[in-house]
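As provided, upload_5.cif (mmCIF, C-alpha atoms) reads as follows.
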data_structure
loop_
_atom_site.label_atom_id
_atom_site.label_comp_id
_atom_site.auth_asym_id
_atom_site.auth_seq_id
_atom_site.Cartn_x
_atom_site.Cartn_y
_atom_site.Cartn_z
CA MET A 1 151.02 274.03 55.08
CA ARG A 2 152.37 271.93 52.20
CA LEU A 3 151.06 272.70 48.71
CA TYR A 4 151.34 270.30 45.77
CA LEU A 5 152.48 272.15 42.64
CA ALA A 6 150.45 270.45 39.90
CA GLY A 7 150.82 271.34 36.24
CA PRO A 8 152.49 270.60 32.93
CA ASP A 9 155.48 272.47 34.40
CA VAL A 10 157.33 269.13 34.58
CA PHE A 11 157.30 268.90 30.78
CA LEU A 12 159.39 272.06 30.43
CA ASN A 13 163.15 271.96 29.94
CA ASN A 14 165.01 270.16 32.77
CA PHE A 15 161.67 268.87 34.17
CA GLY A 16 160.57 272.42 34.89
CA ALA A 17 163.25 272.91 37.55
CA GLU A 18 163.41 276.66 36.98
CA LEU A 19 159.64 277.25 37.10
CA LEU A 20 159.06 274.90 40.01
CA GLY A 21 161.96 276.50 41.89
CA ALA A 22 160.40 279.93 41.38
CA LYS A 23 157.06 278.59 42.61
CA LYS A 24 158.69 277.22 45.75
CA GLU A 25 160.29 280.61 46.43
CA LEU A 26 156.94 282.34 46.02
CA CYS A 27 155.32 279.80 48.35
CA ALA A 28 157.97 280.48 51.00
CA ARG A 29 157.21 284.19 50.78
CA TYR A 30 153.59 283.37 51.64
CA GLY A 31 154.60 281.11 54.52
CA VAL A 32 153.72 277.82 52.86
CA GLU A 33 155.84 275.00 51.46
CA GLY A 34 155.66 274.21 47.76
CA VAL A 35 156.07 270.54 46.92
CA SER A 36 157.19 269.68 43.39
CA PRO A 37 156.27 266.38 41.72
CA MET A 38 160.03 266.14 41.02
CA ASP A 39 161.03 266.32 44.69
CA GLY A 40 162.94 263.35 46.10
CA GLN A 41 164.87 260.57 44.45
CA LEU A 42 163.28 258.13 42.04
CA ALA A 43 165.20 255.06 40.88
CA LEU A 44 163.96 254.41 37.35
CA GLY A 45 167.09 252.63 36.06
CA GLY A 46 166.41 249.15 34.71
CA LEU A 47 162.66 249.69 34.54
CA ASP A 48 160.83 249.41 31.22
CA PRO A 49 158.96 252.55 30.09
CA PHE A 50 155.56 251.46 31.45
CA ALA A 51 157.04 250.55 34.84
CA GLN A 52 158.79 253.93 34.91
CA GLY A 53 155.42 255.62 34.40
CA VAL A 54 153.89 253.57 37.20
CA ALA A 55 156.80 254.46 39.53
CA ILE A 56 156.28 258.16 38.82
CA TYR A 57 152.53 257.76 39.46
CA THR A 58 153.25 256.15 42.82
CA ALA A 59 155.67 258.94 43.76
CA ASN A 60 153.18 261.64 42.73
CA VAL A 61 150.42 260.01 44.80
CA ARG A 62 152.78 259.91 47.79
CA HIS A 63 153.59 263.60 47.29
CA MET A 64 149.89 264.49 47.08
CA LEU A 65 149.03 262.53 50.21
CA SER A 66 151.80 264.42 52.05
CA CYS A 67 150.33 267.79 51.06
CA ASP A 68 147.49 269.87 52.48
CA GLY A 69 146.29 271.39 49.20
CA VAL A 70 147.07 271.89 45.53
CA ILE A 71 147.63 274.82 43.19
CA ALA A 72 147.16 273.61 39.62
CA ASN A 73 148.46 275.18 36.42
CA MET A 74 145.30 274.84 34.29
CA THR A 75 146.68 276.58 31.20
CA PRO A 76 145.63 274.72 28.02
CA PHE A 77 148.30 272.16 27.13
CA ARG A 78 148.57 270.45 23.72
CA GLY A 79 145.06 271.40 22.82
CA ILE A 80 142.14 273.37 24.13
CA SER A 81 142.06 271.85 27.62
CA MET A 82 144.48 271.69 30.49
CA ASP A 83 146.92 268.82 30.99
CA VAL A 84 144.96 265.65 31.84
CA GLY A 85 147.46 264.50 34.46
CA THR A 86 146.91 267.78 36.30
CA ALA A 87 143.14 267.28 36.01
CA PHE A 88 143.55 263.85 37.61
CA GLU A 89 145.52 265.41 40.45
CA MET A 90 142.84 268.04 41.10
CA GLY A 91 140.28 265.24 41.36
CA PHE A 92 142.57 263.29 43.65
CA MET A 93 143.00 266.21 46.03
CA ALA A 94 139.28 267.04 45.93
CA ALA A 95 138.40 263.50 47.01
CA ALA A 96 141.06 263.71 49.72
CA GLY A 97 139.17 266.72 51.09
CA LYS A 98 142.06 269.13 50.50
CA PRO A 99 141.72 272.67 49.09
CA VAL A 100 141.96 272.80 45.30
CA LEU A 101 143.16 276.03 43.65
CA GLY A 102 144.06 276.70 40.06
CA TYR A 103 145.06 279.31 37.50
CA SER A 104 145.12 279.55 33.74
CA ASN A 105 147.27 281.89 31.69
CA VAL A 106 144.67 281.85 28.92
CA THR A 107 141.58 283.91 29.65
CA ASP A 108 139.05 282.62 27.11
CA SER A 109 136.41 280.30 28.53
CA TYR A 110 136.40 276.63 27.57
CA ALA A 111 133.39 277.21 25.32
CA VAL A 112 135.19 279.90 23.33
CA ARG A 113 138.22 277.67 22.84
CA ALA A 114 136.14 274.64 21.84
CA GLU A 115 134.13 276.63 19.32
CA SER A 116 137.34 278.00 17.82
CA TYR A 117 138.74 274.45 17.66
CA TYR A 118 135.88 273.26 15.47
CA ARG A 119 135.72 276.44 13.44
CA GLY A 120 139.40 276.14 12.56
CA ARG A 121 139.04 272.50 11.60
CA HIS A 122 142.23 271.87 13.51
CA HIS A 123 140.62 268.77 14.86
CA GLU A 124 140.27 267.02 11.53
CA ALA A 125 143.49 265.04 11.77
CA VAL A 126 143.11 264.51 15.49
CA ASP A 127 139.59 263.50 16.43
CA ARG A 128 137.13 264.19 13.64
CA TYR A 129 134.71 261.89 15.46
CA THR A 130 134.03 264.49 18.16
CA GLU A 131 132.32 266.80 15.67
CA GLY A 132 128.75 267.57 16.69
CA THR A 133 129.28 266.83 20.38
CA SER A 134 127.84 269.46 22.69
CA ILE A 135 130.11 272.11 24.17
CA GLU A 136 129.91 273.03 27.86
CA SER A 137 128.95 276.68 28.17
CA PHE A 138 129.27 277.37 31.87
CA GLU A 139 131.59 280.37 31.52
CA MET A 140 134.33 278.35 33.17
CA ALA A 141 138.06 278.15 32.48
CA ASP A 142 137.81 274.45 31.61
CA ASN A 143 135.51 271.47 32.16
CA LEU A 144 133.11 272.00 35.06
CA MET A 145 134.69 269.31 37.25
CA MET A 146 137.82 271.41 37.73
CA ALA A 147 136.11 274.77 38.17
CA GLY A 148 133.54 273.04 40.38
CA ALA A 149 136.24 271.60 42.64
CA VAL A 150 137.96 274.97 43.04
CA HIS A 151 134.61 276.61 43.79
CA ALA A 152 133.67 273.88 46.27
CA SER A 153 136.98 274.59 48.05
CA GLY A 154 135.86 278.19 48.47
CA PHE A 155 138.15 279.65 45.79
CA GLU A 156 137.91 280.76 42.17
CA VAL A 157 140.03 279.79 39.20
CA VAL A 158 142.36 282.68 38.37
CA ARG A 159 142.41 283.61 34.68
CA CYS A 160 145.36 285.79 33.66
CA ARG A 161 146.19 287.48 30.41
CA VAL A 162 149.95 287.11 29.84
CA ALA A 163 152.39 287.97 27.07
CA ALA A 164 152.50 285.55 24.12
CA GLY A 165 155.01 282.81 24.79
CA GLN A 166 154.71 283.18 28.57
CA GLU A 167 151.59 281.05 28.87
CA LEU A 168 153.28 278.09 30.54
CA THR A 169 155.65 280.06 32.75
CA ALA A 170 154.04 283.34 33.90
CA LEU A 171 153.51 283.32 37.67
CA GLU A 172 150.98 286.11 38.30
CA GLY A 173 148.11 283.60 38.37
CA PHE A 174 150.02 281.29 40.66
CA GLU A 175 150.71 284.15 43.07
CA ALA A 176 147.04 285.18 42.94
CA CYS A 177 146.19 281.66 44.14
CA LEU A 178 148.62 282.08 47.04
CA ARG A 179 146.88 285.34 47.91
CA GLN A 180 143.47 283.62 47.85
CA LEU A 181 144.83 281.04 50.30
CA GLN A 182 146.38 283.69 52.52
CA GLN A 183 143.10 285.58 52.77
CA ARG A 184 141.43 282.42 54.03
CA ARG A 185 144.04 281.54 56.67
CA MET B 1 128.49 246.82 43.04
CA ARG B 2 127.79 250.28 41.64
CA LEU B 3 130.02 251.52 38.82
CA TYR B 4 130.32 255.17 37.82
CA LEU B 5 130.21 255.55 34.04
CA ALA B 6 132.73 258.33 33.40
CA GLY B 7 133.40 259.71 29.95
CA PRO B 8 132.63 262.32 27.35
CA ASP B 9 129.52 260.22 26.63
CA VAL B 10 127.42 263.00 28.19
CA PHE B 11 128.42 265.35 25.37
CA LEU B 12 126.77 263.14 22.76
CA ASN B 13 123.28 263.82 21.45
CA ASN B 14 120.60 263.83 24.18
CA PHE B 15 123.33 263.80 26.88
CA GLY B 16 124.51 260.39 25.70
CA ALA B 17 121.28 258.71 26.80
CA GLU B 18 121.58 255.96 24.18
CA LEU B 19 125.22 255.11 24.93
CA LEU B 20 124.81 255.34 28.70
CA GLY B 21 121.66 253.20 28.49
CA ALA B 22 123.59 250.55 26.54
CA LYS B 23 126.37 250.66 29.15
CA LYS B 24 123.86 250.13 31.95
CA GLU B 25 122.42 247.11 30.15
CA LEU B 26 125.90 245.64 29.71
CA CYS B 27 126.62 246.25 33.40
CA ALA B 28 123.44 244.43 34.38
CA ARG B 29 124.54 241.44 32.30
CA TYR B 30 127.72 241.32 34.39
CA GLY B 31 125.82 241.61 37.66
CA VAL B 32 126.81 245.19 38.45
CA GLU B 33 124.90 248.48 38.42
CA GLY B 34 125.99 251.20 36.02
CA VAL B 35 125.50 254.73 37.34
CA SER B 36 125.28 257.53 34.79
CA PRO B 37 126.32 261.10 35.60
CA MET B 38 122.89 262.00 34.22
CA ASP B 39 120.96 259.86 36.71
CA GLY B 40 118.53 261.66 39.00
CA GLN B 41 116.88 265.02 38.78
CA LEU B 42 118.82 268.25 38.68
CA ALA B 43 117.02 271.59 39.01
CA LEU B 44 119.09 274.02 36.96
CA GLY B 45 116.29 276.47 36.15
CA GLY B 46 117.00 280.03 37.23
CA LEU B 47 120.70 279.39 37.80
CA ASP B 48 123.28 281.36 35.86
CA PRO B 49 125.64 279.26 33.68
CA PHE B 50 128.44 279.11 36.26
CA ALA B 51 126.06 278.04 39.02
CA GLN B 52 124.65 275.37 36.70
CA GLY B 53 128.16 274.00 36.23
CA VAL B 54 128.72 273.94 39.97
CA ALA B 55 125.40 272.13 40.53
CA ILE B 56 126.39 269.46 38.00
CA TYR B 57 129.79 269.14 39.71
CA THR B 58 128.08 268.58 43.06
CA ALA B 59 125.74 265.98 41.57
CA ASN B 60 128.62 264.14 39.89
CA VAL B 61 130.59 264.07 43.15
CA ARG B 62 127.54 262.65 44.92
CA HIS B 63 127.20 259.98 42.22
CA MET B 64 130.88 259.06 42.53
CA LEU B 65 130.72 258.80 46.31
CA SER B 66 127.73 256.45 45.95
CA CYS B 67 129.70 254.14 43.65
CA ASP B 68 132.22 251.38 44.31
CA GLY B 69 134.36 251.91 41.23
CA VAL B 70 134.61 253.65 37.87
CA ILE B 71 134.94 252.64 34.22
CA ALA B 72 136.23 255.62 32.25
CA ASN B 73 135.97 256.26 28.53
CA MET B 74 139.53 257.49 27.91
CA THR B 75 139.16 257.93 24.13
CA PRO B 76 140.85 261.18 22.99
CA PHE B 77 138.32 264.01 23.06
CA ARG B 78 138.80 267.36 21.30
CA GLY B 79 142.49 266.80 20.97
CA ILE B 80 145.12 264.19 21.64
CA SER B 81 144.16 263.46 25.25
CA MET B 82 141.06 262.16 26.95
CA ASP B 83 138.34 264.43 28.32
CA VAL B 84 139.74 266.36 31.30
CA GLY B 85 136.53 266.02 33.33
CA THR B 86 136.85 262.25 33.05
CA ALA B 87 140.52 262.50 34.10
CA PHE B 88 139.41 264.44 37.18
CA GLU B 89 136.89 261.70 38.00
CA MET B 90 139.52 258.95 37.71
CA GLY B 91 141.69 260.89 40.17
CA PHE B 92 138.72 261.39 42.48
CA MET B 93 137.92 257.67 42.56
CA ALA B 94 141.60 256.74 42.98
CA ALA B 95 141.86 258.95 46.07
CA ALA B 96 138.60 257.45 47.36
CA GLY B 97 140.33 254.05 47.21
CA LYS B 98 137.91 252.67 44.63
CA PRO B 99 138.90 250.55 41.60
CA VAL B 100 139.66 252.61 38.50
CA LEU B 101 139.21 251.02 35.08
CA GLY B 102 139.36 252.58 31.65
CA TYR B 103 139.29 251.98 27.92
CA SER B 104 140.25 253.93 24.84
CA ASN B 105 138.91 253.37 21.35
CA VAL B 106 142.14 254.75 19.90
CA THR B 107 145.10 252.37 20.09
CA ASP B 108 148.08 254.67 19.53
CA SER B 109 150.06 255.55 22.63
CA TYR B 110 150.01 259.10 23.97
CA ALA B 111 153.56 259.66 22.68
CA VAL B 112 152.56 258.74 19.12
CA ARG B 113 149.58 261.10 19.22
CA ALA B 114 151.59 263.97 20.71
CA GLU B 115 154.35 263.61 18.12
CA SER B 116 151.77 263.61 15.34
CA TYR B 117 150.17 266.72 16.87
CA TYR B 118 153.36 268.72 16.58
CA ARG B 119 154.33 267.23 13.22
CA GLY B 120 150.99 268.26 11.75
CA ARG B 121 151.25 271.78 13.14
CA HIS B 122 147.64 271.45 14.20
CA HIS B 123 148.58 273.12 17.43
CA GLU B 124 149.67 276.41 15.91
CA ALA B 125 146.36 278.15 16.39
CA VAL B 126 145.71 276.46 19.69
CA ASP B 127 148.77 276.43 21.91
CA ARG B 128 151.92 277.24 19.99
CA TYR B 129 153.56 277.90 23.34
CA THR B 130 153.73 274.18 24.16
CA GLU B 131 156.22 273.55 21.37
CA GLY B 132 159.46 272.04 22.66
CA THR B 133 157.93 270.60 25.82
CA SER B 134 158.92 267.00 26.51
CA ILE B 135 156.56 264.18 25.56
CA GLU B 136 155.85 261.32 27.97
CA SER B 137 157.02 258.07 26.37
CA PHE B 138 155.80 255.43 28.77
CA GLU B 139 153.91 253.36 26.19
CA MET B 140 150.69 254.32 27.91
CA ALA B 141 147.26 255.19 26.50
CA ASP B 142 147.42 258.68 28.00
CA ASN B 143 149.24 260.63 30.73
CA LEU B 144 150.82 258.35 33.32
CA MET B 145 148.48 259.44 36.13
CA MET B 146 145.52 257.69 34.48
CA ALA B 147 147.35 254.54 33.37
CA GLY B 148 149.07 254.49 36.76
CA ALA B 149 145.77 254.62 38.62
CA VAL B 150 144.30 251.78 36.58
CA HIS B 151 147.46 249.73 37.11
CA ALA B 152 147.48 250.47 40.84
CA SER B 153 143.90 249.16 40.95
CA GLY B 154 145.15 245.87 39.52
CA PHE B 155 143.78 246.41 36.01
CA GLU B 156 145.06 247.52 32.62
CA VAL B 157 143.71 250.19 30.30
CA VAL B 158 141.93 248.50 27.40
CA ARG B 159 142.95 249.85 23.99
CA CYS B 160 140.55 248.89 21.18
CA ARG B 161 140.77 249.42 17.45
CA VAL B 162 137.27 250.35 16.25
CA ALA B 163 135.71 251.42 12.95
CA ALA B 164 136.19 255.08 11.99
CA GLY B 165 133.37 257.17 13.39
CA GLN B 166 132.69 254.69 16.22
CA GLU B 167 135.44 256.00 18.49
CA LEU B 168 133.12 257.62 21.01
CA THR B 169 130.43 254.94 21.00
CA ALA B 170 131.94 251.47 20.45
CA LEU B 171 131.48 249.30 23.53
CA GLU B 172 133.97 246.44 23.12
CA GLY B 173 136.50 248.22 25.36
CA PHE B 174 133.87 248.98 27.95
CA GLU B 175 132.82 245.32 28.02
CA ALA B 176 136.46 244.24 28.30
CA CYS B 177 136.66 246.37 31.46
CA LEU B 178 133.62 244.60 32.85
CA ARG B 179 135.34 241.26 32.13
CA GLN B 180 138.47 242.43 33.97
CA LEU B 181 136.32 243.28 36.97
CA GLN B 182 134.45 239.96 36.79
CA GLN B 183 137.71 237.99 36.79
CA ARG B 184 138.71 239.70 40.00
CA ARG B 185 135.47 239.15 41.87
#
Can you give me the file's structure in the form of structure tokens?
Amino acid sequence: MRLYLAGPDVFLNNFGAELLGAKKELCARYGVEGVSPMDGQLALGGLDPFAQGVAIYTANVRHMLSCDGVIANMTPFRGISMDVGTAFEMGFMAAAGKPVLGYSNVTDSYAVRAESYYRGRHHEAVDRYTEGTSIESFEMADNLMMAGAVHASGFEVVRCRVAAGQELTALEGFEACLRQLQQRR
Amino acid sequence: MRLYLAGPDVFLNNFGAELLGAKKELCARYGVEGVSPMDGQLALGGLDPFAQGVAIYTANVRHMLSCDGVIANMTPFRGISMDVGTAFEMGFMAAAGKPVLGYSNVTDSYAVRAESYYRGRHHEAVDRYTEGTSIESFEMADNLMMAGAVHASGFEVVRCRVAAGQELTALEGFEACLRQLQQRR
């Protein structure tokens, strides 16, 4: 079984090589193959920035199509929600009929984070225009489409409390996803 | 042709009925049918919050599968990126092989918004742990997965400058997407 390793991991130092390497090792221990978005060669030289982005998109789609499921790092990234590229990839794999699993290293529900966002007025310089919009209160880790997809796959989003500063890199939640998969196989 | 109307529109007053109604009227003028996530009846009574979220997920998936394409409102929502549920839906429709279109009522690229986020220190109370992560600089409206999907569909993300306060509701970008579709048909 090949598992796509979705997450903002690729935005860490050296394209997340260390974290993604550790995830692949963990996968191997559970008898599955972890596939990183950074796997393979990608010739970006000579391309303008937009074309580079498109080339990476195409490579990521190819990786996803070659996999049998996804484990997504749903930890909030640059805001109160998870990385949007990772959200896209969960939707992609859901439509492809492949199991969707995910973990977040922040335990508060989306509703708690959104309420804190408005209370703190941190949004004022960012998107003041969203004030007054209704906040999903489904006791889910993030927007219902992600939690819904994981649930529809027969799994549950893992929410882990980790040490401050380890939110993007702690692997307990990732390993808990591997255990969920193992129990099903 | 049935078009799924993805976006944070549903978080507006009265589940975005006014905005989604206006989108449906615009669609009709272009000879297509706009399908709102809120269409149809959904019996949520007696369900706990999590089960309500799952029921809405299931209904949204059914709506998407009944459609032939999607126009997504990619305007930044509660932060510097678009709504993650909408991102999921763009990925879902991309994997289903259906045309993916999108517009944003904020013109700055993702890189500009992310740099401003860190410069303003607005993230400190939200996700301090993302500091130092690399910022995508592909001159795209948001993460490359979304812009890549629109591009792979043969379209381009529409970026509109609108009056302050109209970011979630202005329809010029939505109509520009309908024109892109019309030119292709």
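Between atom CA of Cys177 of chain B and atom CA of Met64 of chain A the separation is 27.3 Å.
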Counting all atoms listed in the file, what is within 12 Å of Arg62 of chain B, bar same-chain residues fewer than 2 positions away, as number ranges by chain? A: 95; B: 4, 35-40, 55-60, 64-67, 89, 92-93
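Closest to Val112 of chain B among B:Glu156, B:Asp142, B:Asp83, B:Asp48 is B:Asp142, based on all atoms listed in the file.
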Spell out the residues picked by the PyMOL selection byres ((chain A and resi 86) around 10) here, as a PyMOL selection string. (chain A and resi 5-9+71-74+82-85+87-92+146) or (chain B and resi 84+87-88+91+143+145)
Within 10 Å of Gly165 of chain B, counting all atoms listed in the file, which residues qualify if same-chain residues fewer than 3 places away don't, as a list of chain:residue names? A:Asp127, A:Arg128, A:Tyr129, A:Thr130, A:Glu131, B:Val162, B:Leu168, B:Thr169, B:Ala170
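Selection result for the displayed file, with the PyMOL selection byres ((chain B and resi 80) around 8) as criterion, is Arg78, Gly79, Val126 and Asp127 of chain A; Pro76, Phe77, Arg78, Gly79, Ser81, Met82, Tyr110, Arg113, Ala114 and Tyr117 of chain B.
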Please provide the set of residues having any atom within 10 Å of Gln182 of chain B, restricted to only C-alpha atoms, with same-chain residues fewer than 3 positions apart removed, written as a PyMOL selection string. chain B and resi 30-32+176-179+185
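Remark: for Arg159 of chain B, the closest of the candidate residues B:Ser134, B:Ser116, B:Thr75, B:Asn14 is B:Thr75 (distances computed over all atoms listed in the file).
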What gap, in Å, lies between atom CA of Ala149 of chain A and atom CA of Val61 of chain B? 9.4 Å
Residues returned when the PyMOL selection byres ((chain B and resi 137) around 9) runs on this file, as a list in words: Pro49, Phe50 and Gly53 of chain A; Ser109, Tyr110, Ala111, Val112, Ile135, Glu136, Phe138, Glu139 and Met140 of chain B
A straight line from atom CA of Glu172 of chain A to atom CA of Glu33 of chain A spans 17.9 Å
Quick one: 8 Å padding each side, axis-aligned, all listed atoms of segment 159-177 of chain B - centre and edge lengths in Å to one decimal, as lines of an AutoDock Vina configuration file?
center_x = 136.7
center_y = 250.9
center_z = 21.7
size_x = 28.5
size_y = 29.4
size_z = 35.5
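Proximity of A:Leu181, A:Ala141, A:Ala96, A:Val157 to chain B, computed with only C-alpha atoms, is greatest for A:Ala96.
In terms of minimum interatomic distance to chain A, B:Ala94 ranks closest within B:Ala94, B:Val158, B:Val100, B:Val70, counting only C-alpha atoms.
Comparing A:Gly173, A:Gly69, A:Gly21, A:Gly97 by their smallest distance to chain B, the closest is A:Gly97 (using only C-alpha atoms).
For the set B:Leu3, B:Leu144, B:Val10, B:Leu171, the residue with the smallest atom-to-atom gap to Ala22 of chain B is B:Leu171, counting all atoms listed in the file.
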Output file: segment 169-178 of chain B, all heavy atoms, as a compact mmCIF listing (two decimals), in the first residue's frame:
# COMPACT_ATOMS: atom_id res chain seq x y z
N THR B 169 -18.72 39.31 -1.27
CA THR B 169 -20.01 39.32 -1.98
C THR B 169 -19.95 39.83 -3.42
O THR B 169 -20.87 39.56 -4.19
CB THR B 169 -21.02 40.17 -1.20
OG1 THR B 169 -20.43 41.46 -0.94
CG2 THR B 169 -21.39 39.52 0.13
N ALA B 170 -18.91 40.56 -3.79
CA ALA B 170 -18.84 41.12 -5.15
C ALA B 170 -18.85 39.99 -6.19
O ALA B 170 -18.24 38.94 -5.96
CB ALA B 170 -17.59 41.98 -5.31
N LEU B 171 -19.53 40.21 -7.29
CA LEU B 171 -19.77 39.12 -8.25
C LEU B 171 -19.06 39.28 -9.59
O LEU B 171 -19.22 38.44 -10.48
CB LEU B 171 -21.28 38.96 -8.48
CG LEU B 171 -22.02 38.29 -7.31
CD1 LEU B 171 -23.53 38.37 -7.48
CD2 LEU B 171 -21.57 36.84 -7.17
N GLU B 172 -18.28 40.34 -9.75
CA GLU B 172 -17.58 40.53 -11.03
C GLU B 172 -16.68 39.33 -11.35
O GLU B 172 -16.62 38.87 -12.49
CB GLU B 172 -16.73 41.81 -11.01
CG GLU B 172 -17.51 43.11 -10.91
CD GLU B 172 -17.86 43.49 -9.47
OE1 GLU B 172 -17.79 42.61 -8.56
OE2 GLU B 172 -18.22 44.66 -9.24
N GLY B 173 -15.95 38.84 -10.35
CA GLY B 173 -15.04 37.72 -10.57
C GLY B 173 -15.80 36.45 -10.91
O GLY B 173 -15.39 35.68 -11.78
N PHE B 174 -16.92 36.27 -10.23
CA PHE B 174 -17.75 35.10 -10.52
C PHE B 174 -18.24 35.16 -11.97
O PHE B 174 -18.17 34.16 -12.70
CB PHE B 174 -18.94 35.06 -9.54
CG PHE B 174 -19.88 33.91 -9.78
CD1 PHE B 174 -19.56 32.64 -9.34
CD2 PHE B 174 -21.08 34.10 -10.45
CE1 PHE B 174 -20.41 31.57 -9.57
CE2 PHE B 174 -21.94 33.04 -10.68
CZ PHE B 174 -21.60 31.77 -10.24
N GLU B 175 -18.70 36.34 -12.39
CA GLU B 175 -19.20 36.47 -13.76
C GLU B 175 -18.06 36.28 -14.77
O GLU B 175 -18.27 35.69 -15.85
CB GLU B 175 -19.90 37.83 -13.97
CG GLU B 175 -20.59 37.89 -15.32
CD GLU B 175 -21.59 39.04 -15.45
OE1 GLU B 175 -21.68 39.87 -14.51
OE2 GLU B 175 -22.27 39.09 -16.50
N ALA B 176 -16.87 36.74 -14.42
CA ALA B 176 -15.72 36.53 -15.32
C ALA B 176 -15.45 35.04 -15.50
O ALA B 176 -15.04 34.60 -16.58
CB ALA B 176 -14.49 37.25 -14.77
N CYS B 177 -15.67 34.26 -14.46
CA CYS B 177 -15.52 32.79 -14.59
C CYS B 177 -16.56 32.24 -15.56
O CYS B 177 -16.26 31.38 -16.39
CB CYS B 177 -15.68 32.12 -13.23
SG CYS B 177 -14.31 32.42 -12.08
N LEU B 178 -17.79 32.72 -15.44
CA LEU B 178 -18.84 32.26 -16.35
C LEU B 178 -18.47 32.61 -17.80
O LEU B 178 -18.71 31.81 -18.72
CB LEU B 178 -20.18 32.92 -15.98
CG LEU B 178 -20.86 32.36 -14.73
CD1 LEU B 178 -22.06 33.23 -14.34
CD2 LEU B 178 -21.33 30.92 -14.96
